[in-house]
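Source file: target10.txt (compact mmCIF, C-alpha atoms and all ligand atoms)
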# COMPACT_ATOMS: atom_id res chain seq x y z
CA MET D 1 -12.95 -42.27 -10.30
CA SER D 2 -12.80 -39.27 -7.99
CA THR D 3 -9.51 -37.47 -8.32
CA ASP D 4 -9.61 -35.54 -5.07
CA THR D 5 -11.78 -33.89 -2.48
CA LEU D 6 -11.99 -30.53 -0.73
CA THR D 7 -13.78 -30.40 2.62
CA ILE D 8 -15.91 -27.39 3.48
CA ARG D 9 -16.25 -26.72 7.19
CA SER D 10 -19.78 -25.84 8.21
CA GLN D 11 -21.67 -25.42 11.46
CA LEU D 12 -24.44 -27.35 9.72
CA GLY D 13 -22.05 -30.27 9.14
CA ASP D 14 -18.84 -30.40 7.09
CA TYR D 15 -19.36 -31.42 3.47
CA PRO D 16 -17.08 -32.62 0.67
CA VAL D 17 -16.55 -31.27 -2.82
CA HIS D 18 -15.44 -34.20 -4.99
CA PHE D 19 -13.56 -33.43 -8.20
CA HIS D 20 -14.23 -35.99 -10.94
CA THR D 21 -12.36 -36.50 -14.17
CA ASN D 22 -15.17 -38.49 -15.81
CA PHE D 23 -18.91 -39.11 -15.41
CA GLY D 24 -18.64 -42.50 -13.65
CA PHE D 25 -19.80 -40.96 -10.36
CA LEU D 26 -23.32 -40.49 -11.79
CA SER D 27 -24.01 -44.25 -11.66
CA ARG D 28 -22.85 -44.31 -8.06
CA LEU D 29 -25.30 -41.50 -7.25
CA ALA D 30 -28.05 -43.46 -9.03
CA SER D 31 -27.40 -46.44 -6.79
CA LEU D 32 -28.11 -44.52 -3.56
CA PRO D 33 -31.03 -46.20 -1.71
CA ASN D 34 -33.86 -43.75 -2.61
CA PRO D 35 -32.73 -41.51 -5.45
CA VAL D 36 -35.00 -38.64 -6.51
CA ILE D 37 -33.54 -36.86 -9.50
CA LEU D 38 -33.97 -33.33 -10.80
CA ILE D 39 -32.07 -32.14 -13.88
CA ASP D 40 -31.84 -28.87 -15.82
CA GLY D 41 -33.71 -29.51 -19.11
CA ASN D 42 -30.85 -28.28 -21.30
CA VAL D 43 -28.35 -30.48 -19.48
CA LEU D 44 -30.66 -33.47 -19.86
CA GLN D 45 -30.82 -32.89 -23.63
CA LEU D 46 -27.09 -32.32 -24.04
CA TYR D 47 -26.03 -35.30 -21.91
CA LYS D 48 -28.92 -37.62 -22.80
CA GLU D 49 -26.77 -40.70 -23.36
CA THR D 50 -24.59 -40.30 -20.29
CA LEU D 51 -27.52 -39.46 -18.02
CA SER D 52 -29.80 -42.24 -19.38
CA ALA D 53 -26.98 -44.74 -18.93
CA ALA D 54 -26.56 -43.64 -15.30
CA PHE D 55 -30.20 -43.17 -14.29
CA ARG D 56 -31.80 -45.74 -16.67
CA ASP D 57 -35.60 -45.65 -16.41
CA ARG D 58 -35.85 -43.64 -13.19
CA ALA D 59 -38.33 -40.76 -13.08
CA ILE D 60 -36.66 -37.38 -13.56
CA TYR D 61 -38.04 -33.91 -12.78
CA VAL D 62 -36.99 -31.62 -15.61
CA LEU D 63 -36.40 -28.03 -14.56
CA GLU D 64 -36.42 -25.14 -16.99
CA ALA D 65 -33.47 -23.10 -15.75
CA THR D 66 -34.69 -19.53 -16.11
CA GLU D 67 -35.07 -16.84 -13.45
CA ASP D 68 -38.86 -17.01 -13.73
CA HIS D 69 -38.73 -20.63 -12.56
CA LYS D 70 -36.82 -19.70 -9.40
CA THR D 71 -40.16 -19.34 -7.64
CA LEU D 72 -42.40 -20.76 -4.95
CA ASP D 73 -44.74 -22.00 -7.72
CA GLU D 74 -41.95 -24.12 -9.17
CA THR D 75 -41.02 -25.53 -5.76
CA ALA D 76 -44.70 -26.40 -5.18
CA ARG D 77 -44.69 -28.40 -8.44
CA ILE D 78 -41.54 -30.23 -7.33
CA TYR D 79 -42.93 -31.05 -3.84
CA GLN D 80 -46.08 -32.40 -5.49
CA TRP D 81 -44.12 -34.48 -8.01
CA ILE D 82 -42.02 -36.02 -5.25
CA ILE D 83 -45.06 -36.77 -3.09
CA ASP D 84 -46.87 -38.33 -6.10
CA HIS D 85 -43.96 -40.47 -7.34
CA PHE D 86 -42.03 -41.67 -4.31
CA LYS D 87 -42.91 -43.61 -1.19
CA ALA D 88 -39.77 -42.59 0.71
CA LYS D 89 -40.07 -39.50 2.87
CA ARG D 90 -37.25 -37.97 4.92
CA ASN D 91 -35.01 -40.77 3.70
CA ILE D 92 -35.05 -39.73 0.02
CA ASP D 93 -31.69 -39.08 -1.64
CA PHE D 94 -32.34 -35.91 -3.60
CA ILE D 95 -29.91 -35.42 -6.50
CA SER D 96 -29.90 -32.27 -8.60
CA ILE D 97 -27.86 -31.55 -11.71
CA GLY D 98 -27.54 -28.11 -13.30
CA GLY D 99 -26.28 -24.57 -12.79
CA GLY D 100 -26.96 -21.93 -10.14
CA ILE D 101 -30.69 -21.74 -10.88
CA THR D 102 -31.06 -25.50 -10.46
CA GLN D 103 -29.05 -25.31 -7.25
CA ASP D 104 -31.12 -22.46 -5.81
CA VAL D 105 -34.45 -24.15 -6.57
CA SER D 106 -33.49 -27.71 -5.65
CA GLY D 107 -31.63 -26.57 -2.53
CA TYR D 108 -34.72 -24.70 -1.37
CA VAL D 109 -36.80 -27.83 -1.92
CA ALA D 110 -34.22 -30.04 -0.17
CA SER D 111 -34.15 -27.74 2.87
CA THR D 112 -37.90 -27.42 3.28
CA LEU D 113 -39.39 -30.76 2.21
CA PHE D 114 -39.95 -32.94 5.30
CA ARG D 115 -37.88 -30.25 7.12
CA GLY D 116 -34.80 -31.24 5.16
CA VAL D 117 -33.71 -34.22 3.09
CA GLY D 118 -30.30 -35.54 2.01
CA TRP D 119 -29.18 -33.72 -1.13
CA ASP D 120 -26.29 -34.22 -3.58
CA PHE D 121 -25.57 -31.45 -6.05
CA VAL D 122 -23.79 -31.71 -9.41
CA PRO D 123 -22.96 -28.19 -10.69
CA THR D 124 -22.79 -28.04 -14.49
CA THR D 125 -22.00 -24.37 -15.19
CA LEU D 126 -18.64 -22.74 -14.56
CA LEU D 127 -20.35 -20.22 -12.28
CA ALA D 128 -21.86 -22.94 -10.12
CA GLN D 129 -18.59 -24.86 -10.03
CA VAL D 130 -16.37 -21.92 -9.03
CA ASP D 131 -18.80 -20.17 -6.73
CA SER D 132 -22.38 -21.01 -5.88
CA CYS D 133 -21.97 -24.74 -5.13
CA ILE D 134 -20.37 -24.01 -1.75
CA GLY D 135 -21.70 -21.71 0.92
CA GLY D 136 -25.05 -23.35 1.47
CA LYS D 137 -27.29 -20.55 0.20
CA THR D 138 -30.55 -21.43 -1.52
CA SER D 139 -32.68 -18.67 -3.06
CA LEU D 140 -35.97 -17.96 -4.77
CA ASN D 141 -37.13 -14.78 -6.47
CA PHE D 142 -40.29 -13.28 -5.04
CA GLY D 143 -42.50 -10.27 -5.81
CA GLY D 144 -40.22 -9.20 -8.64
CA ARG D 145 -37.21 -9.20 -6.29
CA LYS D 146 -34.23 -11.43 -6.80
CA ASN D 147 -33.21 -14.00 -4.20
CA LEU D 148 -35.64 -12.60 -1.62
CA LEU D 149 -36.50 -15.99 -0.10
CA GLY D 150 -33.96 -18.52 0.95
CA THR D 151 -32.35 -20.84 3.43
CA PHE D 152 -28.89 -21.96 4.46
CA TYR D 153 -28.70 -25.64 3.52
CA PRO D 154 -25.49 -27.09 2.09
CA PRO D 155 -25.66 -30.22 -0.02
CA ARG D 156 -24.55 -33.46 1.60
CA ALA D 157 -21.90 -33.67 -1.12
CA ILE D 158 -20.97 -31.71 -4.26
CA HIS D 159 -19.63 -33.45 -7.37
CA ILE D 160 -17.68 -31.34 -9.84
CA ALA D 161 -16.90 -32.64 -13.32
CA SER D 162 -15.38 -29.73 -15.24
CA ALA D 163 -16.18 -31.61 -18.48
CA PHE D 164 -19.78 -30.34 -18.15
CA THR D 165 -18.52 -26.89 -19.13
CA HIS D 166 -17.63 -28.13 -22.64
CA THR D 167 -21.20 -27.56 -23.78
CA LEU D 168 -21.78 -24.18 -22.13
CA ALA D 169 -22.89 -21.36 -24.41
CA ARG D 170 -20.22 -18.67 -24.72
CA LEU D 171 -22.24 -16.18 -22.66
CA ASP D 172 -22.69 -18.69 -19.81
CA LEU D 173 -18.98 -19.50 -19.90
CA PHE D 174 -18.14 -15.79 -19.65
CA SER D 175 -20.67 -15.40 -16.87
CA GLY D 176 -18.55 -17.94 -14.98
CA TYR D 177 -15.41 -15.95 -15.77
CA GLY D 178 -17.04 -12.92 -14.10
CA GLU D 179 -17.03 -14.77 -10.78
CA VAL D 180 -13.52 -16.11 -11.46
CA ALA D 181 -12.33 -12.51 -11.95
CA LYS D 182 -13.99 -11.54 -8.68
CA PHE D 183 -12.18 -14.22 -6.70
CA LEU D 184 -8.78 -13.58 -8.30
CA LEU D 185 -9.12 -9.84 -7.67
CA MET D 186 -10.26 -10.38 -4.08
CA ARG D 187 -7.23 -12.58 -3.49
CA ALA D 188 -4.93 -10.00 -5.08
CA PHE D 189 -6.35 -7.12 -2.99
CA GLU D 190 -5.90 -9.21 0.18
CA SER D 191 -2.44 -10.59 -0.60
CA GLY D 192 -0.75 -7.81 -2.54
CA GLU D 193 -0.35 -10.02 -5.67
CA PRO D 194 0.34 -7.71 -8.66
CA PHE D 195 -2.76 -6.97 -10.74
CA PRO D 196 -1.11 -7.47 -14.15
CA ASP D 197 -0.54 -11.09 -12.97
CA VAL D 198 -4.29 -11.50 -12.39
CA ALA D 199 -4.94 -10.24 -15.92
CA THR D 200 -2.31 -12.60 -17.37
CA HIS D 201 -3.75 -15.52 -15.43
CA LEU D 202 -7.26 -14.79 -16.69
CA THR D 203 -6.13 -14.33 -20.28
CA SER D 204 -4.38 -17.70 -20.12
CA ILE D 205 -7.58 -19.56 -19.20
CA ILE D 206 -10.17 -17.71 -21.30
CA GLY D 207 -11.78 -20.13 -23.74
CA ASP D 208 -9.68 -23.09 -22.54
CA ARG D 209 -12.16 -25.73 -21.42
CA ALA D 210 -9.54 -28.42 -20.85
CA GLU D 211 -9.58 -30.17 -17.49
CA SER D 212 -5.96 -29.10 -16.97
CA ALA D 213 -6.92 -25.41 -17.26
CA LEU D 214 -10.26 -25.49 -15.45
CA ALA D 215 -9.71 -27.85 -12.52
CA PRO D 216 -6.99 -25.69 -10.87
CA ILE D 217 -8.94 -22.46 -11.34
CA ILE D 218 -12.12 -24.00 -9.91
CA ARG D 219 -10.18 -25.18 -6.88
CA ASP D 220 -8.49 -21.75 -6.47
CA CYS D 221 -11.83 -19.94 -6.57
CA LEU D 222 -13.45 -22.33 -4.09
CA ASN D 223 -10.50 -21.84 -1.76
CA VAL D 224 -10.83 -18.04 -1.91
CA LYS D 225 -14.57 -18.30 -1.25
CA ARG D 226 -13.94 -20.73 1.60
CA SER D 227 -11.49 -18.30 3.22
CA PHE D 228 -14.18 -15.59 3.36
CA MET D 229 -16.99 -17.91 4.33
CA GLU D 230 -15.92 -20.48 6.86
CA SER D 231 -15.42 -17.90 9.62
CA ASP D 232 -18.78 -16.24 8.90
CA GLU D 233 -21.05 -18.87 7.44
CA PHE D 234 -24.28 -16.98 8.05
CA ASP D 235 -23.26 -13.76 6.37
CA ARG D 236 -22.97 -11.37 9.30
CA GLY D 237 -19.48 -9.98 8.65
CA ARG D 238 -16.55 -11.08 6.48
CA ARG D 239 -18.71 -13.17 4.14
CA ASN D 240 -20.44 -9.94 3.08
CA LEU D 241 -17.23 -9.02 1.28
CA LEU D 242 -18.02 -11.75 -1.27
CA ASN D 243 -20.59 -9.27 -2.51
CA TYR D 244 -17.76 -7.39 -4.27
CA GLY D 245 -19.32 -6.63 -7.69
CA HIS D 246 -22.73 -7.90 -6.58
CA CYS D 247 -24.28 -4.73 -5.13
CA PHE D 248 -24.37 -2.95 -8.48
CA GLY D 249 -24.40 -6.32 -10.31
CA HIS D 250 -27.72 -7.47 -8.82
CA ALA D 251 -29.25 -4.06 -9.61
CA LEU D 252 -28.11 -4.36 -13.23
CA GLU D 253 -29.38 -7.93 -13.60
CA ALA D 254 -32.82 -6.87 -12.44
CA ALA D 255 -32.86 -3.56 -14.41
CA SER D 256 -31.98 -5.48 -17.60
CA LYS D 257 -34.70 -8.05 -16.83
CA TYR D 258 -31.94 -10.69 -16.77
CA TYR D 259 -30.65 -9.85 -20.26
CA VAL D 260 -27.30 -9.41 -18.46
CA PRO D 261 -26.46 -12.81 -16.85
CA HIS D 262 -25.35 -12.97 -13.24
CA GLY D 263 -21.59 -13.27 -13.70
CA ILE D 264 -21.43 -10.64 -16.45
CA ALA D 265 -23.37 -8.27 -14.16
CA VAL D 266 -20.91 -9.03 -11.34
CA ASN D 267 -18.02 -8.26 -13.68
CA ILE D 268 -19.58 -4.86 -14.47
CA GLY D 269 -20.36 -4.39 -10.78
CA ILE D 270 -16.62 -4.76 -10.10
CA ILE D 271 -15.90 -1.86 -12.46
CA PHE D 272 -18.49 0.21 -10.56
CA ALA D 273 -17.04 -0.71 -7.16
CA ASN D 274 -13.47 0.05 -8.27
CA LEU D 275 -14.48 3.45 -9.68
CA ALA D 276 -16.23 4.23 -6.38
CA ALA D 277 -13.11 3.24 -4.43
CA ALA D 278 -10.95 5.41 -6.69
CA ALA D 279 -13.28 8.39 -6.28
CA ARG D 280 -12.77 8.11 -2.51
CA GLY D 281 -9.00 7.72 -2.84
CA MET D 282 -9.07 4.15 -1.52
CA ILE D 283 -7.25 2.90 -4.62
CA THR D 284 -5.70 4.99 -7.39
CA THR D 285 -7.65 5.95 -10.49
CA GLU D 286 -4.82 4.37 -12.54
CA LEU D 287 -5.34 1.03 -10.78
CA ALA D 288 -9.13 1.14 -11.22
CA ARG D 289 -8.66 1.85 -14.92
CA LEU D 290 -5.97 -0.81 -15.35
CA ILE D 291 -8.23 -3.48 -13.82
CA THR D 292 -11.17 -2.33 -15.93
CA ARG D 293 -9.13 -2.41 -19.13
CA GLU D 294 -7.14 -5.60 -18.52
CA VAL D 295 -9.57 -7.73 -16.50
CA ASN D 296 -13.18 -6.60 -16.80
CA LEU D 297 -13.69 -5.27 -20.32
CA PRO D 298 -12.29 -8.42 -22.02
CA LEU D 299 -14.95 -10.43 -20.14
CA LEU D 300 -18.03 -8.42 -21.24
CA ALA D 301 -19.00 -11.00 -23.90
CA GLN D 302 -22.24 -9.27 -24.87
CA GLU D 303 -23.31 -5.90 -26.17
CA GLN D 304 -24.42 -3.68 -23.32
CA ARG D 305 -27.67 -1.74 -23.84
CA PRO D 306 -27.75 1.91 -22.68
CA ASN D 307 -31.37 1.50 -21.56
CA ASP D 308 -30.31 -1.01 -18.90
CA TYR D 309 -28.24 1.75 -17.29
CA LEU D 310 -31.02 4.22 -16.43
CA GLU D 311 -30.32 5.96 -13.15
CA ASP D 312 -33.75 5.67 -11.54
CA ALA D 313 -34.21 1.94 -12.17
CA LEU D 314 -30.72 1.05 -10.97
CA LEU D 315 -30.99 3.26 -7.91
CA GLU D 316 -34.35 1.73 -7.01
CA ASN D 317 -32.83 -1.75 -7.28
CA MET D 318 -29.79 -0.78 -5.18
CA LYS D 319 -32.20 0.52 -2.52
CA ASN D 320 -34.12 -2.75 -2.60
CA ASP D 321 -30.97 -4.82 -1.99
CA LYS D 322 -31.81 -7.18 0.84
CA LYS D 323 -28.41 -6.50 2.42
CA ARG D 324 -29.28 -2.79 2.81
CA THR D 325 -30.09 -2.02 6.40
CA GLY D 326 -29.47 1.73 6.86
CA GLN D 327 -30.04 4.81 4.73
CA SER D 328 -26.88 4.51 2.64
CA LEU D 329 -26.53 2.31 -0.45
CA PRO D 330 -24.82 -1.07 -0.05
CA LEU D 331 -21.37 -1.28 -1.62
CA VAL D 332 -18.28 -3.45 -1.14
CA VAL D 333 -15.13 -1.73 -2.41
CA PRO D 334 -11.45 -2.60 -2.63
CA THR D 335 -8.62 -0.94 -0.73
CA LEU D 336 -4.97 -1.85 -1.06
CA GLY D 337 -5.26 -3.74 2.24
CA GLY D 338 -8.32 -5.79 1.21
CA LEU D 339 -12.04 -5.39 0.68
CA VAL D 340 -14.33 -3.27 2.90
CA LYS D 341 -18.07 -2.71 3.08
CA LEU D 342 -19.00 0.98 2.94
CA ASP D 343 -21.72 2.12 5.29
CA ASP D 344 -21.99 5.65 3.92
CA PHE D 345 -22.21 5.36 0.11
CA THR D 346 -24.56 8.14 -0.98
CA GLU D 347 -26.97 8.72 -3.86
CA PRO D 348 -24.92 11.63 -5.29
CA GLU D 349 -21.86 9.34 -5.31
CA PHE D 350 -23.95 6.63 -7.03
CA ARG D 351 -25.02 9.09 -9.75
CA SER D 352 -21.51 10.31 -10.35
CA ILE D 353 -20.00 6.79 -10.57
CA LEU D 354 -22.83 5.64 -12.86
CA CYS D 355 -21.97 8.51 -15.27
CA GLU D 356 -18.33 7.40 -15.27
CA LEU D 357 -19.32 3.77 -15.88
CA ARG D 358 -21.62 4.71 -18.75
CA GLU D 359 -18.84 6.80 -20.23
CA MET D 360 -16.56 3.73 -20.16
CA LEU D 361 -19.11 1.35 -21.63
CA PHE D 362 -20.71 3.49 -24.30
CA HIS D 363 -18.09 6.02 -25.53
N1 LIG D 401 -26.89 -19.88 -4.15
C1 LIG D 401 -25.82 -19.16 -4.37
O1 LIG D 401 -24.92 -19.06 -3.53
C2 LIG D 401 -25.65 -18.45 -5.68
C3 LIG D 401 -24.43 -17.79 -5.97
C4 LIG D 401 -24.27 -17.18 -7.22
C5 LIG D 401 -25.31 -17.21 -8.13
N2 LIG D 401 -26.48 -17.82 -7.81
C6 LIG D 401 -27.59 -17.85 -8.76
O2 LIG D 401 -27.23 -18.69 -9.84
C7 LIG D 401 -27.97 -18.29 -11.00
C8 LIG D 401 -27.05 -18.28 -12.20
O3 LIG D 401 -26.55 -19.57 -12.31
P1 LIG D 401 -25.61 -20.06 -13.51
O4 LIG D 401 -24.88 -18.92 -14.10
O5 LIG D 401 -24.88 -21.22 -12.97
O6 LIG D 401 -26.54 -20.57 -14.63
P2 LIG D 401 -28.03 -21.07 -14.82
O7 LIG D 401 -28.37 -22.12 -13.87
O8 LIG D 401 -28.85 -19.84 -14.94
O9 LIG D 401 -27.84 -21.69 -16.28
C9 LIG D 401 -27.50 -20.87 -17.38
C10 LIG D 401 -27.85 -21.59 -18.67
O10 LIG D 401 -26.91 -22.65 -18.88
C11 LIG D 401 -27.62 -23.87 -19.14
N3 LIG D 401 -26.71 -24.94 -18.73
C12 LIG D 401 -26.45 -25.41 -17.47
N4 LIG D 401 -25.46 -26.31 -17.52
C13 LIG D 401 -25.09 -26.44 -18.82
C14 LIG D 401 -24.12 -27.21 -19.50
N5 LIG D 401 -23.28 -28.01 -18.85
N6 LIG D 401 -24.02 -27.07 -20.84
C15 LIG D 401 -24.85 -26.24 -21.52
N7 LIG D 401 -25.77 -25.47 -20.93
C16 LIG D 401 -25.89 -25.58 -19.59
C17 LIG D 401 -28.91 -23.73 -18.40
O11 LIG D 401 -29.91 -24.57 -18.89
C18 LIG D 401 -29.22 -22.25 -18.64
O12 LIG D 401 -29.80 -22.08 -19.91
C19 LIG D 401 -28.57 -16.96 -10.68
O13 LIG D 401 -29.95 -17.14 -10.43
C20 LIG D 401 -27.87 -16.53 -9.41
O14 LIG D 401 -28.67 -15.71 -8.61
C21 LIG D 401 -26.66 -18.46 -6.62
Serialized structure, structure tokens:
Amino acid sequence: MSTDTLTIRSQLGDYPVHFHTNFGFLSRLASLPNPVILIDGNVLQLYKETLSAAFRDRAIYVLEATEDHKTLDETARIYQWIIDHFKAKRNIDFISIGGGITQDVSGYVASTLFRGVGWDFVPTTLLAQVDSCIGGKTSLNFGGRKNLLGTFYPPRAIHIASAFTHTLARLDLFSGYGEVAKFLLMRAFESGEPFPDVATHLTSIIGDRAESALAPIIRDCLNVKRSFMESDEFDRGRRNLLNYGHCFGHALEAASKYYVPHGIAVNIGIIFANLAAAARGMITTELARLITREVNLPLLAQEQRPNDYLEDALLENMKNDKKRTGQSLPLVVPTLGGLVKLDDFTEPEFRSILCELREMLFH
């Protein structure tokens, strides 16, 4: 049974996020008129019994959820598979189950096949549940650049069962916490909530995969994202602030060749952004250091490699950021009144903040 629903307002059509306390909703998805199912291969293995019971002998496209499958080649294989296996055309009910990679690939397919088909998404990672599942962005990597291609195409409905997170590897769980930290910090910078409270809140949920711990935090994060997104769905203003932690984070993901997962990179990107804000006097150095120590460093979850922090590679990736329009480097930073996007962050500043960050991580 669905416990409750959050509605996301969209100019492309409002859509619901249903919160489920068990997996019964999967059979209801399977009984849509023309189901076409795509599932992350690891999820299919881990939930074989549940998924076979729901989808019985239906054909399933199995997606290998790695960054090198977030490509046009993979979408071409999916288009072909759908054309080969199903008679239905625009009336297919596309259902995809997996994390952010599955969402990006299947959403791109849903938005382009037959100029758009009905699509239900079941996010199975914490990161996809707290963040990527709403907002309607679909993305593919292209020419060695992350998320270069994409569309705005929200699912018809999103189905969250926090129980999927029980099987997440520790690193993927912590990758989700990186985005959770981002949303809680954004809310605190906007509302004036004390930062030690954010740290206490995070500490209280780390490692707790119980529905009672996760469901409220997922809802909180989606509400923060919604508040930045609904007024600027197509990313021309306020929604850009959701890139807090992402400007440096994306550069680090790419420089590490995806050794550093998305949410961990965002968490480190937050340290970078806070140090940059402190260097400009927008927040105090004490606050930047307190947040780093109490919020970000406990969420690192993997050993950082000095070679992923080489100045030239990171700078090149920051310059290639698709959000960069002028000469300066893209960066969203906190102030005590909320987040702002800098339009004059310079290379010398980048070099100096990178030195500080390396000092924190490696000494
Ligand atoms: N479209 C958007 O708005 C948006 C926003 C943020 C991130 N992203 C993208 O999302 C991707 C990262 O997504 P992610 O962190 O959700 O993970 P993912 O999709 O990369 O999956 C991470 C790993 O977890 C496995 N997995 C998935 N569900 C599982 C489960 N329930 N139990 C065990 N293992 C499971 C996957 O097979 C994979 O090995 C990046 O490519 C990022 O760019 C997109």
**Request:** Write as a count of residues only the residues around ligand LIG 401 (chain D), taking 7 Å as the cut-off and counting only C-alpha atoms and all ligand atoms.
**Result:** 43
Residue with the minimum atom-to-atom distance to Leu173 (chain D), picked from D:Glu286, D:Asp208, D:Asp68, D:Glu74 with all atoms listed in the file counted, is D:Asp208
- Contacts of Tyr244 (chain D) within 10 Å, all atoms listed in the file, excl. fewer than 2 positions in-chain, as a list in words: Glu179, Lys182, Phe183, Leu185, Met186, Asn240, Leu241, Leu242, His246, Cys247, Phe248, Gly249, Val266, Asn267, Gly269, Ile270, Phe272, Ala273, Asn274, Leu331, Val332, Val333, Pro334, Leu339, Val340 and Lys341 of chain D
What separates CA of Leu314 (chain D) and CA of Thr284 (chain D) is a distance of 25.6 Å
### Atom pair CA of Arg226 (chain D) / CA of Leu148 (chain D): separation (Å)
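Spanning CA of Arg226 (chain D) to CA of Leu148 (chain D) is a straight-line distance of 23.4 Å.
Taking CA of Asp321 (chain D) as the reference point, CA of Arg293 (chain D) is found at 27.9 Å.
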### Contacts of Gly192 (chain D) at 10 Å (only C-alpha atoms; same-chain gap of 6+ positions) as a list in words
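The residues that qualify are Met186, Leu336, Gly337 and Gly338 of chain D.
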Since we have the selection now, will you write its residues out, keeping C-alpha atoms, as a PDB file, keeping the file's coordinate frame?
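What ended up in again.pdb:
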ATOM      1  CA  MET D 186     -10.260 -10.380  -4.080  1.00  0.00           C
ATOM      2  CA  LEU D 336      -4.970  -1.850  -1.060  1.00  0.00           C
ATOM      3  CA  GLY D 337      -5.260  -3.740   2.240  1.00  0.00           C
ATOM      4  CA  GLY D 338      -8.320  -5.790   1.210  1.00  0.00           C
TER       5      GLY D 338
END
Axis-aligned box for all listed atoms of region 50-64 of chain D, 5 Å per side, centre and edges in Å to one decimal, as lines of an AutoDock Vina configuration file:
center_x = -31.5
center_y = -35.4
center_z = -16.5
size_x = 23.7
size_y = 30.6
size_z = 17.5
Where atoms are missing, can you supply N, CA, C and O atoms for region 105-116 of chain D and output the lot as a CSV table (one decimal), in the coordinates of the input?
chain,number,residue,atom,x,y,z
D,105,VAL,N,-33.1,-23.6,-6.7
D,105,VAL,CA,-34.4,-24.2,-6.6
D,105,VAL,C,-34.4,-25.5,-5.8
D,105,VAL,O,-35.2,-25.7,-4.9
D,106,SER,N,-33.5,-26.4,-6.3
D,106,SER,CA,-33.5,-27.7,-5.6
D,106,SER,C,-33.0,-27.6,-4.2
D,106,SER,O,-33.5,-28.4,-3.3
D,107,GLY,N,-32.1,-26.7,-3.9
D,107,GLY,CA,-31.6,-26.6,-2.5
D,107,GLY,C,-32.8,-26.1,-1.6
D,107,GLY,O,-32.9,-26.5,-0.5
D,108,TYR,N,-33.6,-25.2,-2.2
D,108,TYR,CA,-34.7,-24.7,-1.4
D,108,TYR,C,-35.7,-25.9,-1.1
D,108,TYR,O,-36.1,-26.0,0.0
D,109,VAL,N,-35.9,-26.7,-2.1
D,109,VAL,CA,-36.8,-27.8,-1.9
D,109,VAL,C,-36.2,-28.8,-0.9
D,109,VAL,O,-36.8,-29.2,0.0
D,110,ALA,N,-34.9,-29.1,-1.1
D,110,ALA,CA,-34.2,-30.0,-0.2
D,110,ALA,C,-34.3,-29.6,1.3
D,110,ALA,O,-34.4,-30.4,2.2
D,111,SER,N,-34.2,-28.2,1.5
D,111,SER,CA,-34.2,-27.7,2.9
D,111,SER,C,-35.5,-27.7,3.5
D,111,SER,O,-35.6,-27.6,4.7
D,112,THR,N,-36.6,-27.6,2.7
D,112,THR,CA,-37.9,-27.4,3.3
D,112,THR,C,-38.8,-28.7,3.3
D,112,THR,O,-39.6,-28.9,4.1
D,113,LEU,N,-38.6,-29.6,2.3
D,113,LEU,CA,-39.4,-30.8,2.2
D,113,LEU,C,-39.1,-31.7,3.4
D,113,LEU,O,-37.9,-32.0,3.6
D,114,PHE,N,-40.1,-32.1,4.1
D,114,PHE,CA,-40.0,-32.9,5.3
D,114,PHE,C,-38.9,-32.3,6.3
D,114,PHE,O,-38.2,-33.0,6.9
D,115,ARG,N,-38.8,-31.0,6.3
D,115,ARG,CA,-37.9,-30.2,7.1
D,115,ARG,C,-36.4,-30.6,6.8
D,115,ARG,O,-35.5,-30.5,7.6
D,116,GLY,N,-36.2,-31.0,5.6
D,116,GLY,CA,-34.8,-31.2,5.2
D,116,GLY,C,-34.5,-32.7,4.8
D,116,GLY,O,-34.7,-33.6,5.6
